[in-house]
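Engineer: If it helps, the file is called start-v9.csv and holds CSV, C-alpha atoms:
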chain,number,residue,atom,x,y,z
A,65,MET,CA,40.8,-49.1,-7.6
A,66,ALA,CA,38.5,-47.9,-10.3
A,67,ILE,CA,34.8,-47.4,-9.9
A,68,GLY,CA,32.9,-50.7,-10.2
A,69,GLU,CA,35.5,-52.8,-8.5
A,70,GLY,CA,33.0,-53.6,-5.7
A,71,THR,CA,34.5,-54.8,-2.4
A,72,ALA,CA,38.0,-54.5,-4.0
A,73,SER,CA,37.6,-50.7,-4.2
A,74,ALA,CA,39.6,-48.7,-1.6
A,75,ASN,CA,36.3,-47.1,-0.6
A,76,GLN,CA,34.7,-50.4,0.2
A,77,ALA,CA,37.6,-52.6,1.5
A,78,ARG,CA,38.5,-53.1,5.1
A,79,HIS,CA,41.8,-51.5,6.3
A,80,ARG,CA,44.1,-51.1,9.4
A,81,HIS,CA,45.2,-47.5,8.8
A,82,VAL,CA,44.4,-46.4,12.4
A,83,GLN,CA,46.2,-49.4,14.0
A,84,GLU,CA,49.2,-48.8,11.7
A,85,GLY,CA,49.2,-45.1,12.5
A,86,ARG,CA,49.0,-44.3,8.8
A,87,GLU,CA,47.9,-40.9,7.7
A,88,VAL,CA,44.8,-41.0,5.5
A,89,GLY,CA,42.7,-38.5,3.5
A,90,PHE,CA,39.9,-37.6,1.2
A,91,PHE,CA,40.5,-36.8,-2.4
A,92,THR,CA,37.4,-35.2,-3.9
A,93,ASP,CA,37.0,-35.1,-7.7
A,94,PRO,CA,34.0,-33.0,-8.8
A,95,THR,CA,34.3,-34.1,-12.4
A,96,VAL,CA,32.6,-37.4,-11.6
A,97,CYS,CA,30.2,-36.1,-8.9
A,98,ILE,CA,26.5,-36.3,-9.9
A,99,GLY,CA,25.2,-34.1,-7.0
A,100,CYS,CA,23.1,-36.9,-5.5
A,101,LYS,CA,24.0,-35.8,-1.9
A,102,ALA,CA,24.3,-39.4,-0.8
A,103,CYS,CA,27.4,-38.3,1.2
A,104,GLU,CA,25.4,-35.7,3.1
A,105,VAL,CA,22.7,-38.2,4.0
A,106,ALA,CA,25.2,-41.0,5.0
A,107,CYS,CA,27.1,-38.5,7.2
A,108,LYS,CA,24.0,-37.4,9.0
A,109,GLU,CA,22.7,-40.9,9.5
A,110,TRP,CA,25.9,-42.5,10.8
A,111,ASN,CA,27.0,-39.5,13.0
A,112,ARG,CA,23.4,-38.7,14.2
A,113,VAL,CA,23.9,-35.1,13.0
A,114,PRO,CA,20.6,-33.2,13.5
A,115,ASP,CA,18.8,-31.7,10.6
A,116,ASP,CA,19.5,-28.0,10.0
A,117,GLY,CA,16.2,-26.9,8.5
A,118,PHE,CA,14.1,-27.8,5.5
A,119,ALA,CA,13.7,-24.3,4.1
A,120,TRP,CA,13.8,-23.9,0.3
A,121,SER,CA,16.7,-21.6,-0.3
A,122,GLY,CA,15.9,-20.9,-4.0
A,123,ASN,CA,19.7,-20.9,-4.6
A,124,SER,CA,19.8,-23.5,-7.4
A,125,TYR,CA,19.3,-27.0,-5.8
A,126,ASP,CA,21.7,-26.3,-3.0
A,127,ASN,CA,19.7,-26.0,0.2
A,128,THR,CA,22.4,-27.1,2.6
A,129,GLY,CA,24.1,-23.7,2.0
A,130,ALA,CA,27.4,-24.2,3.8
A,131,LEU,CA,29.3,-26.4,6.2
A,132,GLY,CA,28.4,-25.9,9.9
A,133,ALA,CA,27.8,-27.6,13.2
A,134,SER,CA,24.9,-29.6,11.7
A,135,SER,CA,26.2,-30.0,8.2
A,136,TRP,CA,29.5,-31.9,8.1
A,137,ARG,CA,29.2,-32.6,4.3
A,138,HIS,CA,27.9,-30.0,1.8
A,139,VAL,CA,27.5,-30.6,-1.9
A,140,MET,CA,28.1,-27.3,-3.6
A,141,PHE,CA,26.3,-26.6,-6.9
A,142,VAL,CA,28.5,-24.4,-9.0
A,143,GLU,CA,27.6,-23.1,-12.5
A,144,GLN,CA,30.5,-21.6,-14.5
A,145,GLU,CA,30.3,-19.6,-17.7
A,146,ARG,CA,33.1,-21.4,-19.4
A,147,PRO,CA,33.5,-24.5,-21.6
A,148,GLY,CA,33.8,-27.9,-20.0
A,149,GLY,CA,36.4,-29.7,-22.1
A,150,GLY,CA,34.7,-31.4,-25.0
A,151,SER,CA,31.2,-31.4,-23.4
A,152,VAL,CA,29.9,-27.9,-23.8
A,153,ALA,CA,26.8,-26.1,-25.1
A,154,GLY,CA,27.2,-24.0,-28.3
A,155,LEU,CA,29.5,-26.3,-30.2
A,156,SER,CA,30.4,-25.4,-33.8
A,157,VAL,CA,32.2,-27.2,-36.6
A,158,GLU,CA,33.2,-25.1,-39.6
A,159,GLY,CA,31.2,-22.2,-38.2
A,160,GLU,CA,27.9,-24.0,-38.0
A,161,ARG,CA,26.1,-24.7,-34.7
A,162,VAL,CA,25.6,-28.4,-34.2
A,163,ASP,CA,24.8,-30.7,-31.3
A,164,GLU,CA,27.5,-32.9,-29.8
A,165,ARG,CA,26.6,-36.0,-31.8
A,166,THR,CA,26.9,-34.2,-35.1
A,167,ALA,CA,30.2,-32.7,-33.9
A,168,ALA,CA,31.5,-36.1,-33.0
A,169,ALA,CA,30.7,-37.5,-36.4
A,170,ALA,CA,32.4,-34.6,-38.3
A,171,GLU,CA,35.7,-35.2,-40.1
A,172,PRO,CA,38.3,-32.6,-39.2
A,173,GLU,CA,41.0,-31.4,-41.5
A,174,PRO,CA,44.5,-32.9,-40.8
A,175,GLY,CA,45.9,-31.2,-37.8
A,176,GLU,CA,42.7,-29.4,-36.9
A,177,PRO,CA,40.7,-30.1,-33.7
A,178,LEU,CA,37.5,-32.1,-34.0
A,179,VAL,CA,35.3,-29.7,-32.0
A,180,THR,CA,35.9,-26.0,-31.3
A,181,VAL,CA,34.0,-23.5,-29.2
A,182,ASP,CA,32.8,-20.3,-30.7
A,183,PRO,CA,34.3,-17.5,-28.5
A,184,GLU,CA,31.5,-15.2,-29.4
A,185,ASP,CA,28.9,-17.7,-28.3
A,186,GLY,CA,27.8,-16.9,-24.7
A,187,ASP,CA,26.1,-20.3,-24.1
A,188,ALA,CA,29.2,-22.2,-23.0
A,189,PHE,CA,28.8,-23.3,-19.5
A,190,ARG,CA,29.4,-26.2,-17.1
A,191,TRP,CA,27.8,-27.5,-14.0
A,192,LEU,CA,30.1,-28.7,-11.2
A,193,PHE,CA,29.1,-30.5,-7.9
A,194,VAL,CA,31.7,-30.4,-5.2
A,195,SER,CA,31.3,-32.3,-1.9
A,196,ASP,CA,32.9,-30.0,0.7
A,197,VAL,CA,34.1,-31.1,4.1
A,198,CYS,CA,36.4,-30.2,6.9
A,199,LYS,CA,40.0,-30.1,5.5
A,200,HIS,CA,41.6,-31.7,8.6
A,201,CYS,CA,44.6,-29.4,8.1
A,202,GLU,CA,48.1,-30.5,8.6
A,203,ARG,CA,48.4,-27.5,10.9
A,204,ALA,CA,44.9,-26.9,12.2
A,205,GLY,CA,44.0,-23.4,13.4
A,206,CYS,CA,41.0,-24.8,15.4
A,207,LEU,CA,43.3,-27.1,17.3
A,208,GLU,CA,45.9,-24.4,18.1
A,209,ALA,CA,43.1,-22.0,19.3
A,210,CYS,CA,41.4,-24.4,21.6
A,211,PRO,CA,42.1,-23.5,25.3
A,212,THR,CA,40.6,-26.7,26.9
A,213,GLY,CA,42.3,-29.4,24.8
A,214,ALA,CA,38.9,-30.4,23.4
A,215,ILE,CA,40.4,-30.6,19.9
A,216,VAL,CA,42.9,-33.3,19.3
A,217,ARG,CA,44.6,-35.1,16.4
A,218,GLY,CA,44.2,-38.8,15.8
A,219,GLU,CA,46.7,-41.3,14.7
A,220,ASN,CA,45.4,-41.1,11.1
A,221,GLY,CA,45.8,-37.3,10.9
A,222,ALA,CA,42.1,-36.6,11.7
A,223,VAL,CA,41.3,-33.4,13.7
A,224,LEU,CA,38.6,-34.3,16.3
A,225,VAL,CA,36.4,-32.3,18.6
A,226,GLN,CA,35.6,-33.9,22.0
A,227,ASP,CA,32.2,-32.3,22.7
A,228,ASP,CA,32.3,-33.4,26.4
A,229,VAL,CA,35.4,-31.3,26.9
A,230,CYS,CA,34.4,-28.3,24.7
A,231,ASN,CA,33.3,-25.3,26.8
A,232,GLY,CA,31.8,-23.5,23.8
A,233,CYS,CA,34.2,-20.5,23.8
A,234,GLY,CA,34.2,-20.3,20.0
A,235,TYR,CA,37.9,-19.7,19.6
A,236,CYS,CA,38.1,-22.6,17.2
A,237,VAL,CA,35.4,-20.9,15.0
A,238,THR,CA,37.6,-17.9,14.5
A,239,GLY,CA,40.7,-20.0,14.2
A,240,CYS,CA,39.5,-22.0,11.2
A,241,PRO,CA,40.6,-20.4,7.9
A,242,PHE,CA,37.9,-22.3,6.0
A,243,GLY,CA,34.9,-21.4,8.1
A,244,VAL,CA,34.2,-25.1,8.7
A,245,ILE,CA,33.6,-25.5,12.5
A,246,ASP,CA,30.7,-23.8,14.3
A,247,ARG,CA,28.6,-24.0,17.5
A,248,ARG,CA,25.2,-25.5,17.5
A,249,PRO,CA,22.3,-23.2,18.4
A,250,GLU,CA,19.4,-24.0,20.7
A,251,PRO,CA,17.3,-26.2,20.9
A,252,LEU,CA,19.6,-28.8,19.1
A,253,GLU,CA,21.3,-31.5,21.1
A,254,GLY,CA,24.8,-30.3,22.2
A,255,ALA,CA,23.7,-26.6,21.8
A,256,GLY,CA,26.6,-24.2,22.5
A,257,GLY,CA,29.3,-26.7,21.7
A,258,ALA,CA,31.5,-26.8,18.6
A,259,PHE,CA,31.0,-29.5,16.0
A,260,LYS,CA,32.5,-30.6,12.7
A,261,CYS,CA,33.4,-33.7,10.7
A,262,THR,CA,35.1,-36.4,12.7
A,263,PHE,CA,36.6,-38.2,9.7
A,264,CYS,CA,34.4,-41.0,11.0
A,265,TYR,CA,37.2,-41.9,13.4
A,266,ASP,CA,34.9,-44.5,15.0
A,267,ARG,CA,34.4,-46.3,11.7
A,268,GLN,CA,38.1,-46.1,10.8
A,269,ALA,CA,39.1,-47.5,14.2
A,270,HIS,CA,37.2,-50.7,13.2
A,271,GLY,CA,38.6,-50.9,9.7
A,272,HIS,CA,35.7,-49.2,7.9
A,273,THR,CA,35.7,-46.4,5.3
A,274,PRO,CA,34.1,-43.1,6.4
A,275,ALA,CA,30.3,-43.1,5.7
A,276,CYS,CA,30.4,-40.4,3.0
A,277,ALA,CA,33.1,-42.2,0.9
A,278,LYS,CA,31.4,-45.5,1.5
A,279,ALA,CA,28.1,-44.2,0.1
A,280,CYS,CA,29.4,-42.2,-2.9
A,281,PRO,CA,28.1,-44.1,-6.0
A,282,THR,CA,30.7,-42.6,-8.4
A,283,GLU,CA,33.6,-42.5,-6.0
A,284,SER,CA,33.9,-38.7,-6.4
A,285,ILE,CA,35.0,-38.9,-2.8
A,286,GLN,CA,38.1,-41.2,-2.6
A,287,PHE,CA,39.4,-42.4,0.7
A,288,GLY,CA,42.8,-44.0,1.4
A,289,PRO,CA,46.4,-43.4,2.5
A,290,LEU,CA,47.3,-39.8,2.0
A,291,ASP,CA,50.5,-40.4,-0.1
A,292,GLU,CA,48.7,-42.7,-2.4
A,293,LEU,CA,45.8,-40.3,-2.9
A,294,LYS,CA,48.1,-37.5,-3.8
A,295,GLU,CA,49.7,-39.6,-6.5
A,296,GLN,CA,46.3,-40.6,-7.9
A,297,ALA,CA,45.2,-36.9,-7.9
A,298,ALA,CA,48.3,-35.8,-9.8
A,299,VAL,CA,47.6,-38.4,-12.5
A,300,ARG,CA,43.9,-37.3,-12.7
A,301,VAL,CA,44.8,-33.7,-13.2
A,302,GLU,CA,47.1,-34.5,-16.1
A,303,GLU,CA,44.4,-36.7,-17.6
A,304,LEU,CA,41.9,-33.9,-17.5
A,305,ARG,CA,44.2,-31.4,-18.9
A,306,GLU,CA,44.9,-33.7,-21.9
A,307,ARG,CA,41.1,-33.9,-22.4
A,308,GLY,CA,40.8,-30.2,-22.7
A,309,PHE,CA,40.2,-29.1,-19.1
A,310,GLY,CA,43.1,-26.6,-19.0
A,311,ASP,CA,42.1,-25.1,-15.7
A,312,ALA,CA,42.2,-28.4,-13.7
A,313,ARG,CA,44.2,-28.0,-10.6
A,314,LEU,CA,44.7,-29.5,-7.1
A,315,TYR,CA,43.7,-27.5,-4.1
A,316,ASP,CA,46.1,-28.5,-1.4
A,317,PRO,CA,47.9,-25.4,0.0
A,318,VAL,CA,51.1,-26.9,1.3
A,319,ASP,CA,53.1,-23.7,0.9
A,320,THR,CA,51.1,-21.7,3.5
A,321,SER,CA,51.0,-22.0,7.2
A,322,VAL,CA,48.2,-24.6,6.8
A,323,GLU,CA,50.9,-26.9,5.5
A,324,GLY,CA,48.6,-29.1,3.5
A,325,LEU,CA,45.2,-30.8,3.8
A,326,HIS,CA,44.0,-34.3,4.6
A,327,ALA,CA,40.9,-33.5,2.6
A,328,PHE,CA,42.0,-32.0,-0.7
A,329,PHE,CA,40.2,-31.2,-3.9
A,330,LEU,CA,40.5,-31.3,-7.7
A,331,LEU,CA,39.1,-27.9,-8.9
A,332,LEU,CA,38.2,-26.6,-12.3
A,333,GLY,CA,38.8,-22.9,-12.1
A,334,GLU,CA,40.0,-20.5,-9.4
A,335,PRO,CA,39.6,-21.6,-5.7
A,336,GLU,CA,37.6,-18.4,-5.0
A,337,THR,CA,34.8,-19.8,-7.3
A,338,PHE,CA,34.2,-22.5,-4.7
A,339,GLY,CA,34.6,-20.3,-1.7
A,340,TYR,CA,38.2,-21.5,-0.9
A,341,PRO,CA,40.8,-18.9,0.1
A,342,PRO,CA,43.7,-19.1,-2.5
A,343,ALA,CA,46.3,-18.8,0.3
A,344,PRO,CA,44.7,-19.8,3.6
A,345,GLU,CA,46.7,-19.0,6.8
A,346,VAL,CA,46.4,-20.2,10.3
A,347,PRO,CA,45.6,-17.1,12.4
A,348,THR,CA,48.0,-18.1,15.1
A,349,VAL,CA,51.0,-17.4,12.8
A,350,HIS,CA,50.2,-13.7,13.3
A,351,LEU,CA,50.5,-13.9,17.1
A,352,ARG,CA,54.2,-13.1,17.3
A,353,ALA,CA,53.8,-10.0,15.1
A,354,GLY,CA,50.7,-9.0,17.1
A,355,TRP,CA,52.4,-9.4,20.5
A,356,THR,CA,55.5,-7.5,19.3
A,357,SER,CA,53.3,-4.7,18.0
A,358,ALA,CA,51.4,-4.6,21.3
A,359,LEU,CA,54.6,-4.6,23.3
A,360,LEU,CA,56.2,-1.8,21.3
A,361,THR,CA,52.9,0.3,21.5
A,362,SER,CA,52.8,-0.2,25.3
A,363,ALA,CA,56.5,0.8,25.6
A,364,ALA,CA,55.9,3.9,23.5
A,365,ALA,CA,52.8,4.8,25.6
A,366,LEU,CA,54.7,4.3,28.9
A,367,ALA,CA,57.6,6.4,27.6
A,368,ALA,CA,55.2,9.2,26.6
A,369,VAL,CA,53.6,9.2,30.0
A,370,LEU,CA,56.9,9.3,31.8
A,371,LEU,CA,58.0,12.2,29.6
A,372,VAL,CA,54.9,14.2,30.4
A,373,PHE,CA,55.5,13.7,34.1
A,374,ALA,CA,59.2,14.5,33.7
A,375,ARG,CA,58.3,17.8,32.0
A,376,ALA,CA,55.6,18.6,34.6
A,377,ALA,CA,58.0,18.1,37.5
A,378,PRO,CA,59.3,21.4,39.2
In structure tokens, what does this structure look like?
Structural biologist:
Amino acid sequence: MAIGEGTASANQARHRHVQEGREVGFFTDPTVCIGCKACEVACKEWNRVPDDGFAWSGNSYDNTGALGASSWRHVMFVEQERPGGGSVAGLSVEGERVDERTAAAAEPEPGEPLVTVDPEDGDAFRWLFVSDVCKHCERAGCLEACPTGAIVRGENGAVLVQDDVCNGCGYCVTGCPFGVIDRRPEPLEGAGGAFKCTFCYDRQAHGHTPACAKACPTESIQFGPLDELKEQAAVRVEELRERGFGDARLYDPVDTSVEGLHAFFLLLGEPETFGYPPAPEVPTVHLRAGWTSALLTSAAALAAVLLVFARAAP
């Protein structure tokens, strides 16, 4: 449903996805995000996530910094030196600098674009706000690395950490290709254990939308069945490209060992700009090669030792 549909919106309506065993997801569209951080606040309030400091970072208006054990949602503030479709600084019509209203009123020649961007003008830029979250990978590195069974997958595709089972070993931290999960430091509650987004599984089990999506005023965060969201996302990308955002793309690495995400993103620009690896890999895929290499090395070392003893024998 579109923004403004009220309780008919998929972000507000009740559902039975958990009971039906239907896989769900988040589709995050930064082109309609206003950077209000309502998702961060709603996440902390519902899940009782402790504060992680009030220090002024000086890094734009982004004081959360990154996802972590006490930050399950993080609104990134990204400034890019490139035009943003038809809404850019430094517009020009017929070689003269004008503001957007003047440009919109101009009459173009037949077949000519209404507004162009002067390539020699260095003022073109755009602000983007992206609400980052755990990706709930189809093949989760944290889950595969956990030795105690503390990390499990829910009926809806969510990857959950059971803090009462977690022993704080930290294997999941190194197993996540996105740097999402982390251990809480002292003196916070649950210190030593690993924490991350739970997909608000408790809310979903009772038919409610996750707190972040429920609170998002522009529905930049969209929640719903995974297959439906991917169809909506593909349509949105094409719409943006037609409006001049030629670098619009979906970030959902299905062709890597991660095998796709339950929280995927529309991006304007390269994934690296937002701190996302272009081709994330689950570390456990390298186990076979690592053990094979170790076995061959051990065999070679043993052969060398035996050869030395054989030559030293009378």
Engineer: Could you tell me how far CA of Asp316 (chain A) lies from CA of Asp116 (chain A), in Å and to one decimal?
Structural biologist: 28.9 Å
Engineer: Which is closest to Gly221 (chain A) among A:Leu290, A:Ala130, A:Ala72, A:Ala119, if we use only C-alpha atoms?
Structural biologist: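 For Gly221 (chain A), the nearest of the candidates is A:Leu290.
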Engineer: A:Lys108, A:Thr92, A:Ile245, A:Leu325: which is nearest Gln296 (chain A), counting all atoms listed in the file?
Structural biologist: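 Looking only at the distances to Gln296 (chain A), the closest residue turns out to be A:Thr92.
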Engineer: If we count only C-alpha atoms and set the cut-off at 7 Å, which residues sit around region 280-285 of chain A, ignoring sequence neighbours fewer than 3 positions away in its own chain? Please answer as a list of chain:residue names.
Structural biologist: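 Near region 280-285 of chain A, the qualifying residues are A:Ile67, A:Phe90, A:Phe91, A:Thr92, A:Asp93, A:Pro94, A:Val96, A:Cys97, A:Ala102, A:Cys103, A:Cys276, A:Ala277.
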Engineer: To one decimal place in Å, what is the distance between CA of Leu360 (chain A) and CA of Phe373 (chain A)?
Structural biologist: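 That distance, rounded to one decimal, is 20.1 Å.
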Engineer: Which residues, written as a list in words, have at least one atom at most 10 Å from region 301-305 of chain A, with all atoms listed in the file counted and residues fewer than 3 positions away on the same chain left out?
Structural biologist: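 That gives Asp93, Thr95, Gly149, Gln296, Ala297, Ala298, Gly308, Phe309, Gly310, Asp311, Ala312, Arg313, Leu314, Leu330, Leu331 and Leu332 of chain A.
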Engineer: List as a PyMOL selection string the protein and nucleic acid residues near Cys198 (chain A), meaning an atom at most 10 Å away when only C-alpha atoms are counted, but skip any in the same chain fewer than 6 places from it.
Structural biologist: chain A and resi 90+131-132+136-138+222-223+240+242-245+260-263+325-328
Engineer: Selection from above, C-alpha atoms, as a CSV table (one decimal), in the frame of the given file, can you write it?
Structural biologist:
chain,number,residue,atom,x,y,z
A,90,PHE,CA,39.9,-37.6,1.2
A,131,LEU,CA,29.3,-26.4,6.2
A,132,GLY,CA,28.4,-25.9,9.9
A,136,TRP,CA,29.5,-31.9,8.1
A,137,ARG,CA,29.2,-32.6,4.3
A,138,HIS,CA,27.9,-30.0,1.8
A,222,ALA,CA,42.1,-36.6,11.7
A,223,VAL,CA,41.3,-33.4,13.7
A,240,CYS,CA,39.5,-22.0,11.2
A,242,PHE,CA,37.9,-22.3,6.0
A,243,GLY,CA,34.9,-21.4,8.1
A,244,VAL,CA,34.2,-25.1,8.7
A,245,ILE,CA,33.6,-25.5,12.5
A,260,LYS,CA,32.5,-30.6,12.7
A,261,CYS,CA,33.4,-33.7,10.7
A,262,THR,CA,35.1,-36.4,12.7
A,263,PHE,CA,36.6,-38.2,9.7
A,325,LEU,CA,45.2,-30.8,3.8
A,326,HIS,CA,44.0,-34.3,4.6
A,327,ALA,CA,40.9,-33.5,2.6
A,328,PHE,CA,42.0,-32.0,-0.7
Engineer: Which residue is closest to Ser135 (chain A)? Choose from A:Asn123, A:Pro211, A:Val88, A:Val197 and count all atoms listed in the file.
Structural biologist: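 Smallest separation from Ser135 (chain A) among the options: A:Val197.
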Engineer: Choose the residue, out of A:Gly218, A:Gly254, A:Pro341, A:Pro274, that has the smallest atom-to-atom separation from Glu104 (chain A); count all atoms listed in the file.
Structural biologist: A:Pro274
Engineer: One number please: CA of Pro317 (chain A) to CA of Val194 (chain A), in Å, one decimal.
Structural biologist: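 Pair CA of Pro317 (chain A) / CA of Val194 (chain A) returns 17.7 Å.
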Engineer: Need to verify the contact set: region 232-235 of chain A, 9 Å, all atoms listed in the file, exclusion of same-chain residues closer than 6 positions in sequence. Can you return it as a short mmCIF file (atom, residue, chain, number, x, y, z; two decimals) with C-alpha atoms, keeping the file's coordinate frame?
Structural biologist:
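Result saved to part_25.cif:
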data_model
loop_
_atom_site.label_atom_id
_atom_site.label_comp_id
_atom_site.auth_asym_id
_atom_site.auth_seq_id
_atom_site.Cartn_x
_atom_site.Cartn_y
_atom_site.Cartn_z
CA CYS A 206 41.00 -24.80 15.40
CA ALA A 209 43.10 -22.00 19.30
CA CYS A 210 41.40 -24.40 21.60
CA PRO A 211 42.10 -23.50 25.30
CA ASP A 246 30.70 -23.80 14.30
CA ARG A 247 28.60 -24.00 17.50
CA ALA A 255 23.70 -26.60 21.80
CA GLY A 256 26.60 -24.20 22.50
CA GLY A 257 29.30 -26.70 21.70
CA ALA A 258 31.50 -26.80 18.60
#
Engineer: Which residues, protein or nucleic acid, reach to within 10 Å of (23.0, -32.8, -0.7) in the file's coordinates when using all atoms listed in the file, and can you give that as a list in words?
Structural biologist: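 The residues near that point, listed by chain and number, are Gly99, Cys100, Lys101, Ala102, Cys103, Glu104, Val105, Tyr125, Asp126, Asn127, Thr128, Gly129, Ser135, Arg137, His138, Val139, Met140, Phe141, Phe193 and Ser195 of chain A.
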Engineer: Here is a test: counting only C-alpha atoms, which residue of A:Gly339, A:Pro249, A:Pro347, A:Gly288 is nearest to Ser73 (chain A)?
Structural biologist: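 Smallest distance to Ser73 (chain A) is found for A:Gly288.
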Engineer: Find the residues around Thr320 (chain A) up to 8 Å (only C-alpha atoms counted), leave out those fewer than 2 positions away in its own chain, and share them as a VMD selection string.
Structural biologist: chain A and resid 317 to 318 322 to 324 343 to 345
Engineer: Got a moment to write region 217-232 of chain A out with N, CA and C atoms, as a tab-separated table (two decimals), in the first residue's frame?
Structural biologist:
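decode.tsv, written as the output of this step:
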chain	number	residue	atom	x	y	z
A	217	ARG	N	16.99	-19.81	13.50
A	217	ARG	CA	16.19	-19.14	12.49
A	217	ARG	C	14.71	-19.38	12.78
A	218	GLY	N	13.93	-18.31	12.71
A	218	GLY	CA	12.51	-18.40	12.96
A	218	GLY	C	11.72	-18.82	11.74
A	219	GLU	N	10.43	-19.08	11.94
A	219	GLU	CA	9.56	-19.51	10.85
A	219	GLU	C	9.47	-18.48	9.73
A	220	ASN	N	9.68	-17.20	10.08
A	220	ASN	CA	9.53	-16.13	9.11
A	220	ASN	C	10.85	-15.75	8.44
A	221	GLY	N	11.91	-16.51	8.71
A	221	GLY	CA	13.22	-16.22	8.12
A	221	GLY	C	14.12	-15.40	8.99
A	222	ALA	N	13.63	-14.93	10.15
A	222	ALA	CA	14.45	-14.12	11.05
A	222	ALA	C	15.58	-14.94	11.66
A	223	VAL	N	16.73	-14.30	11.88
A	223	VAL	CA	17.86	-14.91	12.56
A	223	VAL	C	17.91	-14.32	13.96
A	224	LEU	N	17.72	-15.17	14.97
A	224	LEU	CA	17.56	-14.71	16.35
A	224	LEU	C	18.70	-15.17	17.24
A	225	VAL	N	19.11	-14.32	18.18
A	225	VAL	CA	20.12	-14.67	19.17
A	225	VAL	C	19.42	-14.88	20.51
A	226	GLN	N	19.55	-16.06	21.10
A	226	GLN	CA	19.00	-16.34	22.43
A	226	GLN	C	20.08	-15.99	23.45
A	227	ASP	N	19.92	-14.85	24.09
A	227	ASP	CA	20.99	-14.36	24.96
A	227	ASP	C	21.19	-15.25	26.19
A	228	ASP	N	20.15	-16.03	26.58
A	228	ASP	CA	20.32	-16.90	27.74
A	228	ASP	C	21.10	-18.17	27.39
A	229	VAL	N	21.34	-18.41	26.10
A	229	VAL	CA	22.13	-19.57	25.66
A	229	VAL	C	23.52	-19.15	25.21
A	230	CYS	N	23.66	-17.89	24.84
A	230	CYS	CA	24.94	-17.38	24.33
A	230	CYS	C	26.02	-17.45	25.42
A	231	ASN	N	27.20	-17.93	25.05
A	231	ASN	CA	28.32	-18.00	26.01
A	231	ASN	C	29.34	-16.88	25.80
A	232	GLY	N	29.06	-15.98	24.87
A	232	GLY	CA	29.93	-14.83	24.66
A	232	GLY	C	31.23	-15.13	23.97
